[in-house]
There are 2 protein chains.
Amino acid sequence: MTLLDKTHNPHLRSWVESANVAGCDFPIQNLPFGRFRRAGGSDAALRIGVAIGDQVLDLRAAGLVDHDDMNALMAAAPAERAALRQRLSDGLAQGSTQQAAWAAALVPQSACELAVPCKVGDYTDFYTSVHHATNIGRQFRPDNPLLPNYKWVPIGYHGRASSIIPSGTAFRRPRGQTKAPDAAEPSFGPCKRLDYELELAWFIGQGNALGEPVAIDQAEDHLFGVALFNDWSARDIQAWEYQPLGPFLSKNFGSTVSPWIVTMEALAPFRAPFTRPEGDPQPLPYLDGAANRAHGQIDMQLEVLIQTAKMRADGQAPTRLSLGKLKEAAYWTPAQLVAHHTVNGCNLQPGDLMGSGTLSGPSLDTAGSLAEMSVGGKQPITLPNGEQRTFLQDGDTLILRGWCEREGAVRIGLGEASGTVLA
Amino acid sequence: MTLLDKTHNPHLRSWVESANVAGCDFPIQNLPFGRFRRAGGSDAALRIGVAIGDQVLDLRAAGLVDHDDMNALMAAAPAERAALRQRLSDGLAQGSTQQAAWAAALVPQSACELAVPCKVGDYTDFYTSVHHATNIGRQFRPDNPLLPNYKWVPIGYHGRASSIIPSGTAFRRPRGQTKAPDAAEPSFGPCKRLDYELELAWFIGQGNALGEPVAIDQAEDHLFGVALFNDWSARDIQAWEYQPLGPFLSKNFGSTVSPWIVTMEALAPFRAPFTRPEGDPQPLPYLDGAANRAHGQIDMQLEVLIQTAKMRADGQAPTRLSLGKLKEAAYWTPAQLVAHHTVNGCNLQPGDLMGSGTLSGPSLDTAGSLAEMSVGGKQPITLPNGEQRTFLQDGDTLILRGWCEREGAVRIGLGEASGTVLA
């Protein structure tokens, strides 16, 4: 874990006034990285930026980098990353001598197109919420919801990198094969059970060479940071296609990621111990380390909101579907995911994305998908305006939010990941 | 399908004499693409090359491209690709006025390092052999070996792109969690059931935009060509980890690809109709097209050889494990894989790799894995020198070969994909 340093000082304030507003996701203690271009310049190369208040600091314009390659920046060793964070903190702090020069390198976020924050080489999706695994498993196997490997293996599978899309992008409802339980043959058409999945995206910083596993207590040296991630899922397509090799077309039509990667350094004040429920097995040695036990987990709030087409037309704000805590949802820590992923020698590369899997908490009002909240489509959810949902309808916008807050630290946020379903 | 043109003329001969030797994989009718650097120049950029006999034509040195970006070349429209093939054929043919200039652009293959032939963005593995699916299914479900979706859905899942390695690369036996059926808890250690999988790698040429499916009869416009592919598999790790989301660490420690992509144009003389066994369902309309029915399949021989450490020490050549035919193994055509992969809107990109899945034929001597040949490790195979194998041992080298031959056409080959297991 990164140690606390003066960049975490809760009394620090920025000369960018919007960063000092209470409840702002991007105070000077956060400093998340992303890629942007000025709106309208669709042919311009993406630049590396850091969010501060409602502005973006253009890192190249500020003289902090001499390239636009976010993945190269992510590959830096932890000490180098800490040094860049310190320079950013110093330069953006009230009283900085950089203010005049850097003010010219600021762009309002509202005037930017925010992209997928880096080039994702490989995307792996995990399954870290035991509650999600149990809730979904119960729909398939009422008597035996959780498979015997779950508490031993951080279950994961490979996802599709090419269809990861930036927040704010609408996408078409997928079509595909489905088969009703009582039908003799499958049929083809639009997905009827379209769902969201509340996830986090852990981004890899430094890579490891093929054949060289990463030990658990070094694993966080290979993590760059975290963003919000919505792994949209076509449940009816999934049910027909997934045996025996796992989900495929039910997932790879689009996955939405939020634009800002909150770094492991920024998360340092919000770390929590890794614990196992009493009676559960302790992890095998390659998944167990002193640092991981002491502060492998993270204290984070995660919220899902929906705005239907009718709500939009009626001028109603998005309404909350769920609010939960990462540490209650996740059975495995991000360090354990890195150690597991590489234990066979698999190589991770800067910019690779590890999805957490759907982060459902212990109760249904903290569930991270509609399949869970509506109990497989059997119990519709009623929204405040009277509309009902089992699965997503065309025109629905889904919004994920996340933030960390703790006594003695300044609240930091992840921003949001939003996406809209088109017919 | 690409039409036959004068580049397929069986009477064509090259001024590169090694290309005219009977049985050569790379006659002038083949002209496969790959990436290479001169041996010893490990820091030099990879260049695009075309194999001709035992030589490589350096495309940039020959003035045919002005860059080293294989993926950009693969993205070209079919007409542009055909034109490049015609220029290559004209320039390498006996009597060409290019001979003097291009002779200086030849490098012996033996003096080259041959790389993974392009940058693979996403790698998808399919499961196209009904015999493999049945053989493996029988080991898990004796009474019900083939799942109900198999004859409707071209089953596929995402694989790991970062660990695709070039032919000739040795790799370490993976370690991981396994659980014996009668054990109370899993244990950790080296894989004990390491296997190979005989596959083809279909490479994408032109991509498609997210949300825009590719119709079956346009699907081959998006295929660039094919290489050999060994999807090494740790069967014991797979058995414990794969439920419910599919194989992960059992596959992503390394996958070997051969260095030369044989283009769809080169395969034109070897096309075969797509057929279904009597009584099997016809494909749904999105997987069924006139071109696919007429010549969607390919006539290709596929061979697997092994050379153990002892054979190497004793100076013995590799010995054959199996010899089979693609069209007897594959239940789906490459065009069907493209149409299925994109039907939900998923975007494919130039250089993406679609594995065929293990290409097992109808009998065990045409099976594409040891798990099948040894019936799940129960019936050891005896090699000519008396050694036995159920699964791979340290020091074993596995070699895949493939070629097309047909009356009236010149035989073309895919070269080989080899790899060696390290302790």
# chains A, B, ... in the order shown; residues from 1 in each chain; ligands from 1

call {"tool": "closest_atom_pairs", "arguments": {"of": "chain A", "to": "chain B", "cutoff": "6 Å", "atoms": "only C-alpha atoms", "output": "Markdown table"}}
result
| residue | atom | partner | partner_atom | distance |
| --- | --- | --- | --- | --- |
| A:Tyr157 | CA | B:Phe248 | CA | 5.3 |
| A:His158 | CA | B:His158 | CA | 5.2 |
| A:Gly159 | CA | B:His158 | CA | 5.7 |
| A:Pro174 | CA | B:Asn344 | CA | 4.6 |
| A:Arg175 | CA | B:Asn344 | CA | 4.9 |
| A:Gly176 | CA | B:Asn344 | CA | 6.0 |
| A:Leu245 | CA | B:Gly246 | CA | 4.3 |
| A:Gly246 | CA | B:Leu245 | CA | 4.3 |
| A:Phe248 | CA | B:Tyr157 | CA | 5.3 |
| A:Asn252 | CA | B:Cys346 | CA | 5.9 |
| A:Phe253 | CA | B:Cys346 | CA | 4.6 |
| A:Asn344 | CA | B:Pro174 | CA | 4.6 |
| A:Gly345 | CA | B:Phe253 | CA | 5.5 |
| A:Cys346 | CA | B:Phe253 | CA | 4.6 |

call {"tool": "write_last_selection", "arguments": {"atoms": "N, CA, C and O atoms", "output": "mmCIF file, in the first residue's frame"}}
result
data_model
loop_
_atom_site.group_PDB
_atom_site.id
_atom_site.type_symbol
_atom_site.label_atom_id
_atom_site.label_comp_id
_atom_site.auth_asym_id
_atom_site.auth_seq_id
_atom_site.Cartn_x
_atom_site.Cartn_y
_atom_site.Cartn_z
ATOM 1 N N TYR A 157 -12.601 -14.664 -15.974
ATOM 2 C CA TYR A 157 -12.612 -15.101 -17.377
ATOM 3 C C TYR A 157 -12.247 -13.900 -18.223
ATOM 4 O O TYR A 157 -12.266 -12.761 -17.758
ATOM 5 N N HIS A 158 -11.922 -14.165 -19.461
ATOM 6 C CA HIS A 158 -11.504 -13.077 -20.342
ATOM 7 C C HIS A 158 -12.703 -12.395 -20.985
ATOM 8 O O HIS A 158 -13.667 -13.058 -21.359
ATOM 9 N N GLY A 159 -12.619 -11.094 -21.117
ATOM 10 C CA GLY A 159 -13.664 -10.312 -21.779
ATOM 11 C C GLY A 159 -13.137 -9.682 -23.054
ATOM 12 O O GLY A 159 -11.997 -9.924 -23.467
ATOM 13 N N PRO A 174 -28.502 -5.504 -28.072
ATOM 14 C CA PRO A 174 -27.963 -6.572 -28.921
ATOM 15 C C PRO A 174 -29.053 -7.534 -29.394
ATOM 16 O O PRO A 174 -30.075 -7.699 -28.723
ATOM 17 N N ARG A 175 -28.793 -8.173 -30.516
ATOM 18 C CA ARG A 175 -29.639 -9.267 -30.992
ATOM 19 C C ARG A 175 -28.867 -10.573 -30.854
ATOM 20 O O ARG A 175 -27.636 -10.565 -30.784
ATOM 21 N N GLY A 176 -29.570 -11.663 -30.815
ATOM 22 C CA GLY A 176 -28.875 -12.937 -30.712
ATOM 23 C C GLY A 176 -29.822 -14.102 -30.557
ATOM 24 O O GLY A 176 -31.046 -13.938 -30.610
ATOM 25 N N LEU A 245 -18.308 -22.972 -22.061
ATOM 26 C CA LEU A 245 -17.084 -22.156 -22.065
ATOM 27 C C LEU A 245 -17.265 -20.735 -21.543
ATOM 28 O O LEU A 245 -16.343 -19.937 -21.593
ATOM 29 N N GLY A 246 -18.473 -20.413 -21.037
ATOM 30 C CA GLY A 246 -18.659 -19.117 -20.402
ATOM 31 C C GLY A 246 -19.360 -18.102 -21.280
ATOM 32 O O GLY A 246 -19.662 -18.363 -22.446
ATOM 33 N N PHE A 248 -20.203 -14.931 -23.729
ATOM 34 C CA PHE A 248 -19.511 -14.463 -24.931
ATOM 35 C C PHE A 248 -20.302 -13.297 -25.542
ATOM 36 O O PHE A 248 -20.109 -12.144 -25.165
ATOM 37 N N ASN A 252 -20.130 -9.016 -24.924
ATOM 38 C CA ASN A 252 -19.125 -8.271 -25.680
ATOM 39 C C ASN A 252 -19.689 -7.236 -26.649
ATOM 40 O O ASN A 252 -18.959 -6.730 -27.503
ATOM 41 N N PHE A 253 -20.960 -6.869 -26.515
ATOM 42 C CA PHE A 253 -21.542 -5.819 -27.352
ATOM 43 C C PHE A 253 -21.239 -4.425 -26.807
ATOM 44 O O PHE A 253 -21.473 -3.431 -27.486
ATOM 45 N N ASN A 344 0.135 -18.478 -12.821
ATOM 46 C CA ASN A 344 0.495 -19.473 -13.844
ATOM 47 C C ASN A 344 1.504 -18.914 -14.840
ATOM 48 O O ASN A 344 1.824 -19.569 -15.831
ATOM 49 N N GLY A 345 1.963 -17.687 -14.612
ATOM 50 C CA GLY A 345 2.925 -17.072 -15.525
ATOM 51 C C GLY A 345 2.297 -16.112 -16.516
ATOM 52 O O GLY A 345 3.007 -15.488 -17.321
ATOM 53 N N CYS A 346 0.979 -15.946 -16.482
ATOM 54 C CA CYS A 346 0.323 -15.025 -17.438
ATOM 55 C C CYS A 346 0.873 -13.611 -17.253
ATOM 56 O O CYS A 346 1.061 -13.145 -16.125
#

call {"tool": "atom_distance", "arguments": {"atom1": "atom CA of A:Met264", "atom2": "atom CA of A:Thr169"}}
result
26.7 Å

call {"tool": "closest_residue", "arguments": {"among": "A:Leu398, A:Leu194, A:Val116, A:Ala61", "to": "A:Ala104", "atoms": "only C-alpha atoms"}}
result
A:Ala61

call {"tool": "closest_residue", "arguments": {"among": "A:Gly95, A:Gly63, A:Pro259, A:Gly386", "to": "A:Val16", "atoms": "only C-alpha atoms"}}
result
A:Gly95

call {"tool": "residues_around", "arguments": {"residues": "stretch 355-367 of chain A", "least_positions_apart": "2", "cutoff": "6 Å", "atoms": "only C-alpha atoms", "output": "list in words"}}
result
Asp125, Phe126, Tyr127, Thr128, Ser129, His131, His132, Glu197, Leu198, Glu199, Leu200, Ala201, Ser322, Leu323, Gly324, Glu328, Ala329, Ser369 and Met373 of chain A

call {"tool": "select_by_dssp", "arguments": {"residues": "stretch 200-275 of chain B", "states": "helix (DSSP H, G or I)", "output": "compact mmCIF listing (two decimals) with N, CA, C and O atoms, in the first residue's frame"}}
result
# COMPACT_ATOMS: atom_id res chain seq x y z
N ILE B 216 -23.41 -12.86 -43.24
CA ILE B 216 -22.66 -14.09 -43.51
C ILE B 216 -21.97 -14.06 -44.88
O ILE B 216 -20.80 -14.42 -44.98
N ASP B 217 -22.65 -13.58 -45.92
CA ASP B 217 -22.01 -13.65 -47.23
C ASP B 217 -21.03 -12.51 -47.49
O ASP B 217 -20.33 -12.50 -48.49
N GLN B 218 -20.93 -11.56 -46.56
CA GLN B 218 -19.84 -10.57 -46.60
C GLN B 218 -18.72 -10.92 -45.61
O GLN B 218 -17.70 -10.23 -45.56
N ALA B 219 -18.90 -11.98 -44.86
CA ALA B 219 -17.99 -12.25 -43.74
C ALA B 219 -16.55 -12.46 -44.20
O ALA B 219 -15.61 -12.00 -43.55
N GLU B 220 -16.36 -13.11 -45.35
CA GLU B 220 -14.98 -13.39 -45.77
C GLU B 220 -14.24 -12.13 -46.22
O GLU B 220 -13.01 -12.14 -46.25
N ASP B 221 -14.96 -11.06 -46.53
CA ASP B 221 -14.27 -9.79 -46.81
C ASP B 221 -13.53 -9.29 -45.57
O ASP B 221 -12.66 -8.42 -45.67
N HIS B 222 -13.91 -9.81 -44.39
CA HIS B 222 -13.28 -9.38 -43.14
C HIS B 222 -12.22 -10.35 -42.64
O HIS B 222 -11.64 -10.14 -41.58
N ARG B 235 -5.20 -29.20 -18.09
CA ARG B 235 -6.52 -29.83 -17.89
C ARG B 235 -6.93 -29.92 -16.43
O ARG B 235 -8.12 -29.84 -16.12
N ASP B 236 -5.96 -30.12 -15.53
CA ASP B 236 -6.32 -30.26 -14.11
C ASP B 236 -6.70 -28.90 -13.52
O ASP B 236 -7.64 -28.81 -12.72
N ILE B 237 -6.00 -27.84 -13.95
CA ILE B 237 -6.38 -26.49 -13.49
C ILE B 237 -7.76 -26.14 -14.06
O ILE B 237 -8.63 -25.61 -13.36
N GLN B 238 -7.98 -26.49 -15.34
CA GLN B 238 -9.25 -26.20 -16.01
C GLN B 238 -10.43 -26.86 -15.29
O GLN B 238 -11.48 -26.23 -15.08
N ALA B 239 -10.26 -28.11 -14.89
CA ALA B 239 -11.38 -28.84 -14.29
C ALA B 239 -11.86 -28.18 -12.99
O ALA B 239 -13.06 -28.18 -12.70
N TRP B 240 -10.94 -27.59 -12.25
CA TRP B 240 -11.29 -26.98 -10.95
C TRP B 240 -11.78 -25.55 -11.11
O TRP B 240 -12.60 -25.07 -10.34
N GLU B 241 -11.30 -24.81 -12.11
CA GLU B 241 -11.61 -23.38 -12.18
C GLU B 241 -12.78 -23.03 -13.09
O GLU B 241 -13.31 -21.92 -13.01
N MET B 264 -6.59 -15.59 -47.46
CA MET B 264 -7.80 -16.16 -48.05
C MET B 264 -7.63 -16.30 -49.56
O MET B 264 -8.15 -17.25 -50.17
N GLU B 265 -6.90 -15.36 -50.19
CA GLU B 265 -6.65 -15.45 -51.63
C GLU B 265 -5.87 -16.73 -51.95
O GLU B 265 -6.20 -17.44 -52.90
N ALA B 266 -4.86 -17.04 -51.15
CA ALA B 266 -4.06 -18.24 -51.42
C ALA B 266 -4.87 -19.51 -51.23
O ALA B 266 -4.60 -20.54 -51.86
N LEU B 267 -5.89 -19.45 -50.36
CA LEU B 267 -6.72 -20.63 -50.08
C LEU B 267 -7.78 -20.87 -51.16
O LEU B 267 -8.44 -21.93 -51.16
N ALA B 268 -7.96 -19.93 -52.07
CA ALA B 268 -9.07 -20.01 -53.04
C ALA B 268 -9.16 -21.34 -53.80
O ALA B 268 -10.27 -21.85 -54.01
N PRO B 269 -8.04 -21.96 -54.21
CA PRO B 269 -8.18 -23.22 -54.95
C PRO B 269 -8.63 -24.41 -54.08
O PRO B 269 -8.85 -25.49 -54.63
N PHE B 270 -8.72 -24.22 -52.80
CA PHE B 270 -8.93 -25.37 -51.89
C PHE B 270 -10.25 -25.28 -51.14
O PHE B 270 -10.40 -25.87 -50.06

call {"tool": "residues_around", "arguments": {"residues": "A:Pro334", "least_positions_apart": "6", "cutoff": "8 Å", "atoms": "only C-alpha atoms", "output": "JSON, numbers by chain"}}
result
{"A": [202, 220, 296, 297]}

call {"tool": "write_last_selection", "arguments": {"atoms": "N, CA and C atoms", "output": "mmCIF file, in the first residue's frame"}}
result
data_model
loop_
_atom_site.group_PDB
_atom_site.id
_atom_site.type_symbol
_atom_site.label_atom_id
_atom_site.label_comp_id
_atom_site.auth_asym_id
_atom_site.auth_seq_id
_atom_site.Cartn_x
_atom_site.Cartn_y
_atom_site.Cartn_z
ATOM 1 N N TRP A 202 -10.216 -2.296 -12.330
ATOM 2 C CA TRP A 202 -8.859 -2.108 -11.805
ATOM 3 C C TRP A 202 -7.902 -2.083 -12.990
ATOM 4 N N GLU A 220 0.300 -4.864 -5.474
ATOM 5 C CA GLU A 220 -0.205 -3.498 -5.659
ATOM 6 C C GLU A 220 0.785 -2.594 -6.380
ATOM 7 N N GLY A 296 -5.701 -4.778 2.491
ATOM 8 C CA GLY A 296 -5.929 -5.164 1.098
ATOM 9 C C GLY A 296 -7.240 -4.659 0.517
ATOM 10 N N GLN A 297 -8.173 -4.355 1.371
ATOM 11 C CA GLN A 297 -9.497 -3.949 0.891
ATOM 12 C C GLN A 297 -9.634 -2.427 0.908
#

call {"tool": "atom_distance", "arguments": {"atom1": "atom CA of B:Ser374", "atom2": "atom CA of B:Arg276"}}
result
28.2 Å

call {"tool": "residues_around", "arguments": {"residues": "B:Lys6", "least_positions_apart": "3", "cutoff": "12 Å", "atoms": "only C-alpha atoms", "output": "PyMOL selection string"}}
result
chain B and resi 3+9-12+28-29+82-83+85-90+93+265-266+268-269

call {"tool": "select_by_dssp", "arguments": {"residues": "stretch 48-226 of chain B", "states": "strand (DSSP E)", "output": "count of residues only"}}
result
51

call {"tool": "atom_distance", "arguments": {"atom1": "atom CA of B:Thr97", "atom2": "atom CA of B:Trp15"}}
result
10.8 Å
